[in-house]
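Participant: File work09.cif below, mmCIF, C-alpha atoms:
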```
data_my_file
#
loop_
_atom_site.label_atom_id
_atom_site.label_comp_id
_atom_site.auth_asym_id
_atom_site.auth_seq_id
_atom_site.Cartn_x
_atom_site.Cartn_y
_atom_site.Cartn_z
CA MET N 1 0.00 0.00 0.00
CA ALA N 2 1.42 3.37 -1.01
CA GLN N 3 2.34 5.70 1.79
CA PRO N 4 0.69 9.16 1.76
CA ALA N 5 2.97 11.89 0.51
CA THR N 6 4.41 14.18 3.17
CA TRP N 7 4.36 17.96 2.79
CA ASP N 8 7.99 18.94 2.88
CA HIS N 9 7.70 22.67 3.55
CA PRO N 10 10.66 24.37 5.24
CA GLU N 11 10.01 26.12 8.52
CA PRO N 12 10.12 29.94 8.50
CA LEU N 13 13.36 31.47 9.72
CA ALA N 14 13.35 31.75 13.50
CA VAL N 15 13.34 35.32 14.78
CA GLU N 16 16.07 34.35 17.24
CA SER N 17 18.36 33.25 14.39
CA ALA N 18 18.79 36.81 13.08
CA PRO N 19 22.33 38.13 13.80
CA VAL N 20 21.50 41.05 16.09
CA PRO N 21 23.95 44.01 15.98
CA GLU N 22 26.55 44.35 18.73
CA TYR N 23 24.77 47.10 20.64
CA GLY N 24 26.72 48.21 23.68
CA SER N 25 30.14 46.95 22.66
CA GLY N 26 30.68 47.05 18.91
CA SER N 27 28.02 49.03 17.05
CA LEU N 28 28.08 52.44 15.38
CA ALA N 29 26.17 53.84 18.35
CA ASP N 30 29.14 52.98 20.58
CA LEU N 31 31.80 54.85 18.59
CA LEU N 32 31.43 58.52 19.54
CA PRO N 33 30.68 57.84 23.22
CA THR N 34 33.93 55.86 23.36
CA LEU N 35 35.96 58.63 21.73
CA ALA N 36 34.33 61.33 23.86
CA ALA N 37 34.90 59.37 27.07
CA GLY N 38 38.57 59.14 26.15
CA MET N 39 38.64 62.95 26.04
CA GLY N 40 36.96 63.26 29.43
CA VAL N 41 33.50 64.34 28.25
CA PRO N 42 30.99 63.94 31.13
CA GLY N 43 28.02 61.69 30.47
CA THR N 44 29.83 59.44 28.00
CA THR N 45 31.11 55.89 28.44
CA ALA N 46 33.85 54.01 26.63
CA ALA N 47 31.77 51.19 25.15
CA ILE N 48 34.25 49.79 22.59
CA PRO N 49 37.01 48.36 24.80
CA GLU N 50 39.50 47.88 21.97
CA LEU N 51 39.95 51.61 21.30
CA THR N 52 42.77 53.64 22.85
CA PRO N 53 42.00 57.27 23.80
CA ALA N 54 43.36 60.17 21.76
CA ASP N 55 43.25 63.93 22.32
CA ARG N 56 42.10 64.63 18.78
CA ASN N 57 39.63 62.34 17.07
CA CYS N 58 38.36 62.51 13.50
CA VAL N 59 35.55 60.28 12.19
CA PHE N 60 35.33 60.04 8.40
CA LEU N 61 32.04 58.36 7.50
CA ILE N 62 31.82 57.13 3.91
CA ASP N 63 28.23 56.40 2.99
CA GLY N 64 27.82 52.83 1.74
CA LEU N 65 31.39 51.61 2.34
CA GLY N 66 30.79 48.18 3.85
CA TRP N 67 33.49 45.98 5.38
CA GLU N 68 32.98 43.24 2.81
CA GLN N 69 33.23 45.71 -0.06
CA ILE N 70 36.69 46.80 1.12
CA LYS N 71 37.80 43.19 1.51
CA ASP N 72 36.62 42.38 -2.02
CA HIS N 73 38.22 45.38 -3.77
CA ALA N 74 41.89 45.48 -2.86
CA ASP N 75 42.85 46.69 -6.35
CA GLU N 76 40.52 49.70 -6.26
CA ALA N 77 41.14 50.57 -2.61
CA PRO N 78 44.73 49.58 -1.78
CA TYR N 79 45.11 52.08 1.05
CA LEU N 80 41.84 51.13 2.75
CA HIS N 81 42.51 47.44 2.22
CA ALA N 82 45.93 47.76 3.86
CA LEU N 83 44.23 49.29 6.92
CA LEU N 84 41.83 46.38 7.50
CA GLY N 85 44.05 44.97 10.22
CA SER N 86 43.84 48.27 12.12
CA SER N 87 40.06 48.07 12.38
CA ARG N 88 38.45 48.16 15.80
CA GLY N 89 41.58 48.90 17.75
CA GLY N 90 43.87 46.58 15.83
CA THR N 91 41.69 43.49 16.18
CA GLY N 92 40.96 43.44 12.45
CA ARG N 93 37.23 43.21 13.14
CA PRO N 94 34.33 45.34 11.87
CA LEU N 95 31.62 47.16 13.75
CA THR N 96 27.93 46.46 13.18
CA ALA N 97 25.77 49.25 11.79
CA GLY N 98 22.59 48.58 13.77
CA TYR N 99 19.15 47.63 12.49
CA PRO N 100 18.05 48.68 10.01
CA ALA N 101 21.35 49.27 8.20
CA THR N 102 20.24 52.47 6.50
CA THR N 103 21.56 56.02 6.40
CA ALA N 104 19.08 57.96 8.55
CA THR N 105 19.14 55.31 11.26
CA SER N 106 22.92 54.92 11.25
CA LEU N 107 23.71 58.65 11.22
CA ALA N 108 21.41 59.13 14.19
CA SER N 109 23.13 56.23 15.98
CA VAL N 110 26.55 57.74 15.28
CA GLY N 111 25.67 61.26 16.36
CA THR N 112 23.58 60.52 19.45
CA GLY N 113 25.50 57.47 20.62
CA LEU N 114 22.16 55.69 21.02
CA PRO N 115 20.66 52.63 19.31
CA PRO N 116 17.60 53.06 17.08
CA GLY N 117 15.11 52.07 19.75
CA ALA N 118 16.21 55.08 21.79
CA HIS N 119 16.96 57.80 19.23
CA GLY N 120 13.79 56.94 17.35
CA LEU N 121 14.82 56.91 13.69
CA PRO N 122 14.22 53.18 13.17
CA GLY N 123 13.97 53.03 9.40
CA TYR N 124 13.96 54.76 6.04
CA THR N 125 10.22 55.43 6.34
CA VAL N 126 8.18 54.81 9.49
CA ARG N 127 4.71 55.66 10.68
CA ASN N 128 4.27 58.82 12.71
CA PRO N 129 1.86 57.70 15.46
CA ALA N 130 0.61 61.27 15.91
CA THR N 131 -0.60 61.58 12.31
CA GLY N 132 -0.82 58.03 10.99
CA GLU N 133 1.32 59.04 7.99
CA LEU N 134 4.54 57.51 6.77
CA MET N 135 7.49 59.77 7.51
CA ASN N 136 10.64 59.66 5.40
CA GLN N 137 13.37 60.18 7.98
CA LEU N 138 16.11 60.79 5.43
CA ARG N 139 14.24 63.57 3.61
CA TRP N 140 12.15 64.55 6.68
CA GLN N 141 8.85 64.46 4.77
CA PRO N 142 6.27 65.27 5.86
CA TRP N 143 7.95 67.76 8.17
CA THR N 144 7.67 67.27 11.92
CA LYS N 145 9.36 69.12 14.75
CA PRO N 146 12.91 67.71 14.91
CA GLN N 147 13.46 67.97 18.66
CA ALA N 148 10.14 66.29 19.41
CA TRP N 149 11.07 63.41 17.09
CA GLN N 150 14.61 63.00 18.52
CA PRO N 151 15.00 64.79 21.89
CA TYR N 152 18.39 63.53 23.05
CA PRO N 153 21.56 65.68 22.86
CA THR N 154 24.21 64.66 20.37
CA ILE N 155 27.71 63.63 21.42
CA PHE N 156 28.99 66.72 19.58
CA GLN N 157 26.87 68.91 21.84
CA LEU N 158 28.12 67.15 24.96
CA ALA N 159 31.71 67.50 23.73
CA GLN N 160 31.30 71.19 22.97
CA ASP N 161 29.77 71.77 26.43
CA ALA N 162 32.84 70.07 27.91
CA GLY N 163 35.25 72.40 26.12
CA VAL N 164 36.19 70.07 23.28
CA HIS N 165 36.58 71.69 19.86
CA ALA N 166 33.75 70.05 17.89
CA ALA N 167 33.31 70.48 14.14
CA GLN N 168 31.52 68.92 11.19
CA VAL N 169 32.91 69.20 7.65
CA SER N 170 30.45 68.12 4.99
CA SER N 171 28.55 69.22 1.90
CA PRO N 172 26.86 72.62 2.31
CA THR N 173 23.62 70.86 1.31
CA PHE N 174 23.40 69.22 4.70
CA GLN N 175 24.00 72.23 6.93
CA ASN N 176 20.40 73.03 7.83
CA THR N 177 18.60 69.73 7.27
CA PRO N 178 16.45 68.32 10.09
CA LEU N 179 18.46 65.08 10.01
CA THR N 180 21.67 67.02 10.64
CA LYS N 181 19.93 68.90 13.45
CA VAL N 182 18.74 65.79 15.29
CA ALA N 183 21.75 63.57 14.60
CA LEU N 184 24.90 65.64 14.15
CA SER N 185 24.41 69.13 15.57
CA GLY N 186 26.84 70.69 18.02
CA GLY N 187 30.09 72.53 17.40
CA THR N 188 30.58 74.34 14.12
CA PHE N 189 29.46 73.26 10.64
CA HIS N 190 31.82 73.86 7.70
CA GLY N 191 30.39 73.30 4.24
CA ARG N 192 32.79 72.34 1.45
CA LEU N 193 31.86 71.08 -1.99
CA THR N 194 34.75 68.84 -2.97
CA GLY N 195 36.15 65.84 -1.16
CA GLU N 196 39.63 67.29 -1.23
CA GLU N 197 38.46 70.51 0.43
CA ARG N 198 36.73 68.51 3.14
CA MET N 199 39.84 66.46 3.88
CA ASP N 200 42.05 69.53 4.12
CA LEU N 201 39.62 71.42 6.34
CA ALA N 202 38.99 68.40 8.56
CA ALA N 203 42.72 68.24 9.26
CA GLU N 204 42.76 71.96 10.06
CA GLN N 205 39.80 71.62 12.42
CA LEU N 206 41.44 68.68 14.12
CA ALA N 207 44.46 70.85 14.88
CA ALA N 208 42.33 73.77 16.10
CA GLY N 209 41.98 72.48 19.66
CA ASP N 210 44.01 70.62 22.26
CA ARG N 211 41.02 68.29 22.38
CA SER N 212 39.08 67.98 19.13
CA LEU N 213 36.20 65.91 17.79
CA VAL N 214 35.76 66.29 14.02
CA TYR N 215 33.28 64.55 11.73
CA THR N 216 33.45 64.50 7.94
CA TYR N 217 31.30 62.72 5.39
CA TYR N 218 31.22 61.57 1.76
CA ALA N 219 27.96 60.43 0.10
CA GLU N 220 28.66 59.76 -3.57
CA LEU N 221 29.87 56.17 -3.22
CA ASP N 222 26.45 55.20 -1.89
CA GLY N 223 24.70 57.03 -4.72
CA ALA N 224 26.76 55.20 -7.33
CA GLY N 225 25.95 51.87 -5.67
CA HIS N 226 22.21 52.51 -5.62
CA ARG N 227 22.09 53.66 -9.21
CA TYR N 228 24.60 51.36 -10.90
CA GLY N 229 25.43 48.63 -8.38
CA ILE N 230 28.65 47.71 -6.61
CA ALA N 231 29.71 45.59 -9.59
CA SER N 232 29.75 48.68 -11.84
CA ASP N 233 32.72 50.64 -13.14
CA THR N 234 31.09 53.80 -11.78
CA TRP N 235 31.03 52.43 -8.23
CA ARG N 236 34.59 51.14 -8.49
CA GLY N 237 35.72 54.54 -9.74
CA GLN N 238 34.10 56.17 -6.71
CA LEU N 239 35.85 53.67 -4.44
CA MET N 240 39.21 54.58 -5.98
CA TYR N 241 38.49 58.24 -5.32
CA VAL N 242 37.47 57.53 -1.72
CA ASP N 243 40.70 55.60 -1.20
CA ARG N 244 42.69 58.66 -2.24
CA LEU N 245 40.64 60.94 0.02
CA VAL N 246 41.33 58.82 3.08
CA GLN N 247 45.05 58.81 2.37
CA ARG N 248 44.99 62.58 1.81
CA LEU N 249 43.44 63.14 5.24
CA ALA N 250 45.69 60.60 6.96
CA ASP N 251 48.79 62.32 5.58
CA GLN N 252 47.73 65.62 7.20
CA LEU N 253 46.88 64.47 10.73
CA PRO N 254 48.22 66.81 13.41
CA PRO N 255 50.01 65.36 16.45
CA ARG N 256 48.07 63.30 19.02
CA SER N 257 45.35 62.46 16.51
CA ALA N 258 43.35 59.37 15.63
CA LEU N 259 41.47 59.04 12.34
CA TYR N 260 38.63 56.53 12.20
CA VAL N 261 37.19 55.57 8.82
CA THR N 262 33.75 54.01 9.05
CA ALA N 263 30.43 53.76 7.21
CA ASP N 264 26.70 53.69 7.80
CA HIS N 265 26.04 50.38 6.03
CA GLY N 266 27.29 48.05 3.32
CA MET N 267 25.42 47.13 0.15
CA ILE N 268 24.41 44.25 -2.12
CA ASP N 269 23.27 44.15 -5.73
CA VAL N 270 19.88 42.51 -6.28
CA PRO N 271 18.99 41.05 -9.71
CA PHE N 272 16.03 42.42 -11.65
CA ASP N 273 13.70 39.44 -11.81
CA GLU N 274 10.55 38.26 -10.05
CA GLU N 275 12.47 35.72 -7.98
CA HIS N 276 14.64 38.39 -6.35
CA ARG N 277 12.22 41.36 -6.42
CA ILE N 278 8.83 40.62 -4.89
CA ASP N 279 6.40 43.37 -5.81
CA PHE N 280 4.12 44.27 -2.91
CA ASP N 281 1.93 46.36 -5.20
CA ALA N 282 1.24 43.31 -7.39
CA ASP N 283 0.85 40.70 -4.63
CA TRP N 284 -2.64 40.49 -3.15
CA GLU N 285 -1.53 38.10 -0.37
CA LEU N 286 1.09 40.49 1.00
CA ARG N 287 -1.25 43.47 0.68
CA ALA N 288 -4.13 41.84 2.56
CA GLY N 289 -4.76 43.62 5.85
CA VAL N 290 -1.91 46.11 5.35
CA ALA N 291 -2.63 49.80 5.89
CA LEU N 292 0.89 51.15 5.28
CA LEU N 293 4.13 49.73 3.94
CA GLY N 294 7.20 51.37 5.45
CA GLY N 295 10.93 50.83 5.62
CA GLU N 296 12.72 49.78 2.43
CA GLY N 297 13.14 46.70 0.28
CA ARG N 298 15.34 44.70 2.63
CA ALA N 299 14.00 46.07 5.94
CA ARG N 300 10.23 46.48 5.93
CA HIS N 301 7.92 47.97 8.54
CA VAL N 302 4.41 46.65 7.87
CA TYR N 303 1.49 48.48 9.50
CA ALA N 304 -1.70 46.45 9.68
CA VAL N 305 -5.26 47.70 9.64
CA PRO N 306 -6.74 47.53 13.19
CA GLY N 307 -7.28 43.94 14.26
CA ALA N 308 -5.37 42.38 11.35
CA GLY N 309 -1.88 42.23 12.86
CA ASN N 310 -1.82 38.49 13.56
CA ASP N 311 -3.22 37.64 10.13
CA VAL N 312 -0.64 39.82 8.40
CA LEU N 313 2.15 38.23 10.44
CA THR N 314 0.95 34.74 9.55
CA CYS N 315 0.67 35.57 5.85
CA TRP N 316 4.05 37.27 5.60
CA ARG N 317 5.69 34.34 7.37
CA GLU N 318 4.08 31.83 5.02
CA VAL N 319 4.97 33.78 1.88
CA LEU N 320 8.41 35.13 2.84
CA GLY N 321 9.57 33.22 5.90
CA GLU N 322 12.24 31.15 4.12
CA GLN N 323 13.98 34.29 2.81
CA PHE N 324 13.19 36.92 5.45
CA TRP N 325 13.26 36.99 9.20
CA VAL N 326 9.63 37.98 9.84
CA ALA N 327 8.78 39.16 13.35
CA SER N 328 5.97 40.87 15.17
CA ARG N 329 6.82 44.21 16.74
CA ASP N 330 7.03 42.63 20.20
CA GLU N 331 9.20 39.76 18.94
CA ALA N 332 11.65 42.13 17.25
CA ILE N 333 11.86 44.27 20.38
CA ALA N 334 12.39 41.22 22.61
CA ALA N 335 15.10 39.93 20.26
CA GLY N 336 16.94 43.25 20.53
CA TRP N 337 16.80 44.18 16.85
CA PHE N 338 16.55 47.90 17.69
CA GLY N 339 18.75 47.81 20.79
CA PRO N 340 18.32 46.71 24.39
CA HIS N 341 15.42 49.10 24.98
CA VAL N 342 12.75 50.82 22.88
CA ASP N 343 11.49 54.15 24.18
CA ASP N 344 7.73 54.54 24.59
CA ARG N 345 7.64 57.35 22.01
CA VAL N 346 9.34 55.02 19.49
CA HIS N 347 7.26 51.88 20.09
CA ASP N 348 4.45 52.62 17.65
CA ARG N 349 6.83 53.90 14.97
CA LEU N 350 7.84 50.26 14.50
CA GLY N 351 5.78 48.07 12.20
CA ASP N 352 3.20 45.63 13.49
CA VAL N 353 5.21 43.20 11.37
CA ILE N 354 8.91 43.65 10.61
CA ALA N 355 10.61 41.79 7.77
CA ALA N 356 14.41 41.64 7.41
CA ALA N 357 15.92 39.95 4.36
CA ARG N 358 18.36 37.08 4.76
CA ASP N 359 18.66 36.19 1.08
CA ASP N 360 19.46 38.46 -1.88
CA VAL N 361 15.84 39.55 -2.26
CA LEU N 362 13.74 42.71 -2.02
CA ILE N 363 10.15 43.56 -1.30
CA ILE N 364 9.69 46.37 -3.79
CA ALA N 365 6.61 48.54 -4.31
CA SER N 366 6.67 49.43 -7.99
CA GLU N 367 3.74 51.86 -7.88
CA ARG N 368 4.17 53.67 -4.55
CA GLU N 369 8.01 53.56 -4.54
CA PRO N 370 9.09 53.67 -8.20
CA LYS N 371 12.51 55.24 -7.62
CA GLU N 372 13.48 52.99 -4.73
CA SER N 373 12.21 49.93 -6.61
CA ALA N 374 14.55 50.68 -9.51
CA MET N 375 17.76 50.72 -7.43
CA VAL N 376 20.46 48.20 -8.27
CA GLY N 377 22.35 48.32 -4.98
CA ASN N 378 20.36 47.91 -1.75
CA HIS N 379 20.83 47.59 1.99
CA GLY N 380 18.96 47.60 5.28
CA SER N 381 19.02 44.12 6.77
CA MET N 382 21.28 42.15 9.13
CA THR N 383 23.46 40.20 6.70
CA PRO N 384 27.24 40.70 6.94
CA ALA N 385 27.37 42.53 3.59
CA GLU N 386 25.00 45.17 4.97
CA GLN N 387 25.74 45.17 8.70
CA PHE N 388 29.53 45.00 8.87
CA VAL N 389 31.21 48.40 8.61
CA PRO N 390 34.90 49.24 9.02
CA LEU N 391 36.54 51.12 11.85
CA LEU N 392 39.91 51.67 10.18
CA GLU N 393 42.41 53.60 12.27
CA VAL N 394 45.34 55.86 11.51
CA ARG N 395 47.27 57.61 14.30
CA SER N 396 49.80 60.39 14.25
#
```
Output the file's structure as structure tokens, nothing else.
Facilitator:
Amino acid sequence: MAQPATWDHPEPLAVESAPVPEYGSGSLADLLPTLAAGMGVPGTTAAIPELTPADRNCVFLIDGLGWEQIKDHADEAPYLHALLGSSRGGTGRPLTAGYPATTATSLASVGTGLPPGAHGLPGYTVRNPATGELMNQLRWQPWTKPQAWQPYPTIFQLAQDAGVHAAQVSSPTFQNTPLTKVALSGGTFHGRLTGEERMDLAAEQLAAGDRSLVYTYYAELDGAGHRYGIASDTWRGQLMYVDRLVQRLADQLPPRSALYVTADHGMIDVPFDEEHRIDFDADWELRAGVALLGGEGRARHVYAVPGAGNDVLTCWREVLGEQFWVASRDEAIAAGWFGPHVDDRVHDRLGDVIAAARDDVLIIASEREPKESAMVGNHGSMTPAEQFVPLLEVRS
């Protein structure tokens, strides 16, 4: 007698199997508090034990420069590649960006020294509980009062109050943006258009105080990755340029200085086919019971219509659970995805369902997010290619 066929359906990925960032000891949120504590700034704690204090600290954040991308591109970035062993205090290890691994979240983590559950910028787009609308936290649309959204002081402000010379050297475009205000304000802002000008001025600002904390930033590598992908000649050309910028700054460090080169996230290229790009706008199962779709392709916040949260969670797990870690809000909080604690004001900004990609896949939304859905390079989740960022070190 024939045996009945068994249904061999893989179990969804366990929420607990997601590689949670190293909050408290090795995440981006731990960097500036560690540097500031080494300069004697009250209210800060040295959280990354591998780092040695310096009187003058410069953080150069290169948008989109993941740890794995440096490892894989020694020819294009020989200077950066040679510094890999210096990362994280000479251990040769990366930091973790924090979840989600996206620019607004990571810059807020860097500047405030807090994980996303505390600073409250937990995604590319999240629901504003006061209005029910999706808020884009990178572009700050629709506008909301910055200090109400993120009330904590930045590490730059604490440093300035403690008599440390604090300065930011970046594109003039960013001087008055709400994101700069909530994440990076404090000290003086110096706008410079070219990368070379920023490197030269960052070195000057570093030398301007006996104790200095200087931040500088470069965005175009990330833009090239989104538009053309990290396998493109355009992206590789940007990486070569970045490599020269870092060396230019390192060659000008004043005495008693430490330069730290880091990033807000890494990046992966995702193929343009239905297997790798699941279109929410064309999938009735994923849309059922969903009021708002937030986040981005590899790190989604899903907001259910009232009463439908459990059904949406069940559906998303059944459809996506072999490729995404799919968690309820409470499960993600308990697992520590957003840090050890989530502030009350932040709780309802998180999705009722949260989906983080493990495989090289996206949940796009071709109609409501046409520009984002067309990007070649993507990021946001907890995979090493997205989460691991360098902390390369040069000392004078």
Participant: Considering all atoms listed in the file, state which residue in the set N:Trp143, N:Trp149, N:Trp316, N:Phe174 is at the smallest distance from N:Val353.
Facilitator: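 Closest to N:Val353, using all atoms listed in the file: N:Trp316.
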Participant: Give me the result of the PyMOL selection byres ((chain N and resi 76) around 7) on this file, residue by residue, as a list of chain:residue names.
Facilitator: N:His73, N:Ala74, N:Asp75, N:Ala77, N:Pro78, N:Arg236, N:Leu239, N:Met240
Participant: Please produce an output containing C-alpha atoms for each residue in the selection, written as an mmCIF file, in the frame of the given file.
Facilitator:
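As a result, out.cif now contains:
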```
data_model
loop_
_atom_site.group_PDB
_atom_site.id
_atom_site.type_symbol
_atom_site.label_atom_id
_atom_site.label_comp_id
_atom_site.auth_asym_id
_atom_site.auth_seq_id
_atom_site.Cartn_x
_atom_site.Cartn_y
_atom_site.Cartn_z
ATOM 1 C CA HIS N 73 38.220 45.380 -3.770
ATOM 2 C CA ALA N 74 41.890 45.480 -2.860
ATOM 3 C CA ASP N 75 42.850 46.690 -6.350
ATOM 4 C CA ALA N 77 41.140 50.570 -2.610
ATOM 5 C CA PRO N 78 44.730 49.580 -1.780
ATOM 6 C CA ARG N 236 34.590 51.140 -8.490
ATOM 7 C CA LEU N 239 35.850 53.670 -4.440
ATOM 8 C CA MET N 240 39.210 54.580 -5.980
#
```
Participant: Need to verify the contact set: N:Gly26, 10 Å, all atoms listed in the file, exclusion of same-chain residues closer than 5 positions in sequence. Can you return it as number ranges by chain?
Facilitator: N: 21, 31, 47-50, 88, 93-98
Participant: Taking all atoms listed in the file into account, produce a table as JSON lines in which each residue of stretch 99-187 of chain N with an atom at most 12 Å from an atom of stretch 289-307 of chain N appears once, together with its shortest atom pair and the distance in Å to one decimal, ordered by chain and rising number.
Facilitator:
```
{"residue": "N:Tyr99", "atom": "CA", "partner": "N:Ala299", "partner_atom": "CA", "distance": 8.5}
{"residue": "N:Pro100", "atom": "CA", "partner": "N:Ala299", "partner_atom": "CA", "distance": 6.3}
{"residue": "N:Ala101", "atom": "CA", "partner": "N:Ala299", "partner_atom": "CA", "distance": 8.3}
{"residue": "N:Thr102", "atom": "CA", "partner": "N:Ala299", "partner_atom": "CA", "distance": 9.0}
{"residue": "N:Thr103", "atom": "CA", "partner": "N:Glu296", "partner_atom": "CA", "distance": 11.5}
{"residue": "N:Ala104", "atom": "CA", "partner": "N:Gly295", "partner_atom": "CA", "distance": 11.2}
{"residue": "N:Thr105", "atom": "CA", "partner": "N:Gly295", "partner_atom": "CA", "distance": 10.9}
{"residue": "N:Leu121", "atom": "CA", "partner": "N:Gly295", "partner_atom": "CA", "distance": 10.8}
{"residue": "N:Pro122", "atom": "CA", "partner": "N:Gly295", "partner_atom": "CA", "distance": 8.6}
{"residue": "N:Gly123", "atom": "CA", "partner": "N:Gly295", "partner_atom": "CA", "distance": 5.3}
{"residue": "N:Tyr124", "atom": "CA", "partner": "N:Gly295", "partner_atom": "CA", "distance": 5.0}
{"residue": "N:Thr125", "atom": "CA", "partner": "N:Gly295", "partner_atom": "CA", "distance": 4.7}
{"residue": "N:Val126", "atom": "CA", "partner": "N:Gly294", "partner_atom": "CA", "distance": 5.4}
{"residue": "N:Arg127", "atom": "CA", "partner": "N:Gly294", "partner_atom": "CA", "distance": 7.2}
{"residue": "N:Asn128", "atom": "CA", "partner": "N:Gly294", "partner_atom": "CA", "distance": 10.8}
{"residue": "N:Pro129", "atom": "CA", "partner": "N:Tyr303", "partner_atom": "CA", "distance": 11.0}
{"residue": "N:Gly132", "atom": "CA", "partner": "N:Leu292", "partner_atom": "CA", "distance": 9.1}
{"residue": "N:Glu133", "atom": "CA", "partner": "N:Leu292", "partner_atom": "CA", "distance": 8.4}
{"residue": "N:Leu134", "atom": "CA", "partner": "N:Gly294", "partner_atom": "CA", "distance": 6.8}
{"residue": "N:Met135", "atom": "CA", "partner": "N:Gly294", "partner_atom": "CA", "distance": 8.7}
{"residue": "N:Asn136", "atom": "CA", "partner": "N:Gly295", "partner_atom": "CA", "distance": 8.8}
{"residue": "N:Gln137", "atom": "CA", "partner": "N:Gly295", "partner_atom": "CA", "distance": 9.9}
{"residue": "N:Leu138", "atom": "CA", "partner": "N:Gly295", "partner_atom": "CA", "distance": 11.2}
```
Participant: For those residues, write C-alpha atoms to a file as a short mmCIF file (atom, residue, chain, number, x, y, z; two decimals), in the coordinates of the input.
Facilitator:
```
data_model
loop_
_atom_site.label_atom_id
_atom_site.label_comp_id
_atom_site.auth_asym_id
_atom_site.auth_seq_id
_atom_site.Cartn_x
_atom_site.Cartn_y
_atom_site.Cartn_z
CA TYR N 99 19.15 47.63 12.49
CA PRO N 100 18.05 48.68 10.01
CA ALA N 101 21.35 49.27 8.20
CA THR N 102 20.24 52.47 6.50
CA THR N 103 21.56 56.02 6.40
CA ALA N 104 19.08 57.96 8.55
CA THR N 105 19.14 55.31 11.26
CA LEU N 121 14.82 56.91 13.69
CA PRO N 122 14.22 53.18 13.17
CA GLY N 123 13.97 53.03 9.40
CA TYR N 124 13.96 54.76 6.04
CA THR N 125 10.22 55.43 6.34
CA VAL N 126 8.18 54.81 9.49
CA ARG N 127 4.71 55.66 10.68
CA ASN N 128 4.27 58.82 12.71
CA PRO N 129 1.86 57.70 15.46
CA GLY N 132 -0.82 58.03 10.99
CA GLU N 133 1.32 59.04 7.99
CA LEU N 134 4.54 57.51 6.77
CA MET N 135 7.49 59.77 7.51
CA ASN N 136 10.64 59.66 5.40
CA GLN N 137 13.37 60.18 7.98
CA LEU N 138 16.11 60.79 5.43
#
```
Participant: N:Ala335, N:Leu391, N:Cys315, N:Leu107: which is nearest N:Lys181, counting all atoms listed in the file?
Facilitator: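 Between N:Ala335, N:Leu391, N:Cys315, N:Leu107, the residue approaching N:Lys181 most closely is N:Leu107.
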Participant: Could you spell out the hits of the PyMOL selection byres ((chain N and resi 89) around 8) on the shown file, as a list of chain:residue names?
Facilitator: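 Applied to this file, the PyMOL selection byres ((chain N and resi 89) around 8) selects N:Glu50, N:Leu51, N:Thr52, N:Ser86, N:Ser87, N:Arg88, N:Gly90, N:Thr91, N:Gly92, N:Glu393.
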Participant: What's the 6 Å shell around N:Ser396, counting only C-alpha atoms, without same-chain residues fewer than 2 positions away, as a list in words?
Facilitator: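 The filter keeps Pro255, Arg256 and Ser257 of chain N.
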Participant: Hey, what comes out of the PyMOL selection byres ((chain N and resi 32) around 7) on this file? Could you write it as a count of residues only?
Facilitator: 9
Participant: Could you state the separation of atom CA of N:Ile70 and atom CA of N:Asn378 in Å, given to one decimal place?
Facilitator: 16.6 Å
Participant: Here is a test: counting only C-alpha atoms, which residue of N:Ala159, N:Ala108, N:Leu221, N:Leu65 is nearest to N:Gly43?
Facilitator: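 That would be N:Ala159, the residue with the smallest distance to N:Gly43.
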Participant: Which one is closest to N:Pro42: N:Gly163, N:Gly266, N:Gly117, N:Gly309? Count all atoms listed in the file.
Facilitator: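 Answer, going by the shortest atom-to-atom distance: N:Gly163.
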Participant: Provide the atom CA of N:Thr112 to atom CA of N:Leu184 distance in Å, to one decimal place.
Facilitator: 7.5 Å
Participant: Using all atoms listed in the file, can you tell me which of N:Leu206, N:Ala130, N:Val270, N:Ala118 comes closest to N:Asp359?
Facilitator: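 Nearest to N:Asp359: N:Val270.
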Participant: With distances taken over all atoms listed in the file, which residue among N:Ile363, N:Leu158, N:Val15, N:Met39 lies nearest N:Asp279?
Facilitator: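 For N:Asp279, the nearest of the given residues is N:Ile363.
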Participant: Could you check how far atom CA of N:Glu386 sits from atom CA of N:Ala282, in Å to one decimal?
Facilitator: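 Result for atom CA of N:Glu386 versus atom CA of N:Ala282: 26.8 Å, one decimal.
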Participant: Can you take the partial stretch 353-357 of chain N, add N, CA, C and O atoms, and return it as a PDB file, keeping the file's coordinate frame?
Facilitator:
```pdb
ATOM      1  N   VAL N 353       4.395  44.301  11.878  1.00  0.00           N
ATOM      2  CA  VAL N 353       5.210  43.200  11.370  1.00  0.00           C
ATOM      3  C   VAL N 353       6.488  43.802  10.805  1.00  0.00           C
ATOM      4  O   VAL N 353       6.455  44.847  10.139  1.00  0.00           O
ATOM      5  N   ILE N 354       7.615  43.160  11.070  1.00  0.00           N
ATOM      6  CA  ILE N 354       8.910  43.650  10.610  1.00  0.00           C
ATOM      7  C   ILE N 354       9.598  42.530   9.851  1.00  0.00           C
ATOM      8  O   ILE N 354       9.721  41.410  10.360  1.00  0.00           O
ATOM      9  N   ALA N 355      10.028  42.803   8.635  1.00  0.00           N
ATOM     10  CA  ALA N 355      10.610  41.790   7.770  1.00  0.00           C
ATOM     11  C   ALA N 355      12.017  42.205   7.354  1.00  0.00           C
ATOM     12  O   ALA N 355      12.202  43.259   6.748  1.00  0.00           O
ATOM     13  N   ALA N 356      13.007  41.371   7.708  1.00  0.00           N
ATOM     14  CA  ALA N 356      14.410  41.640   7.410  1.00  0.00           C
ATOM     15  C   ALA N 356      14.956  40.541   6.505  1.00  0.00           C
ATOM     16  O   ALA N 356      14.884  39.355   6.842  1.00  0.00           O
ATOM     17  N   ALA N 357      15.502  40.927   5.365  1.00  0.00           N
ATOM     18  CA  ALA N 357      15.920  39.950   4.360  1.00  0.00           C
ATOM     19  C   ALA N 357      17.174  39.207   4.786  1.00  0.00           C
ATOM     20  O   ALA N 357      18.145  39.810   5.236  1.00  0.00           O
TER      21      ALA N 357
END
```
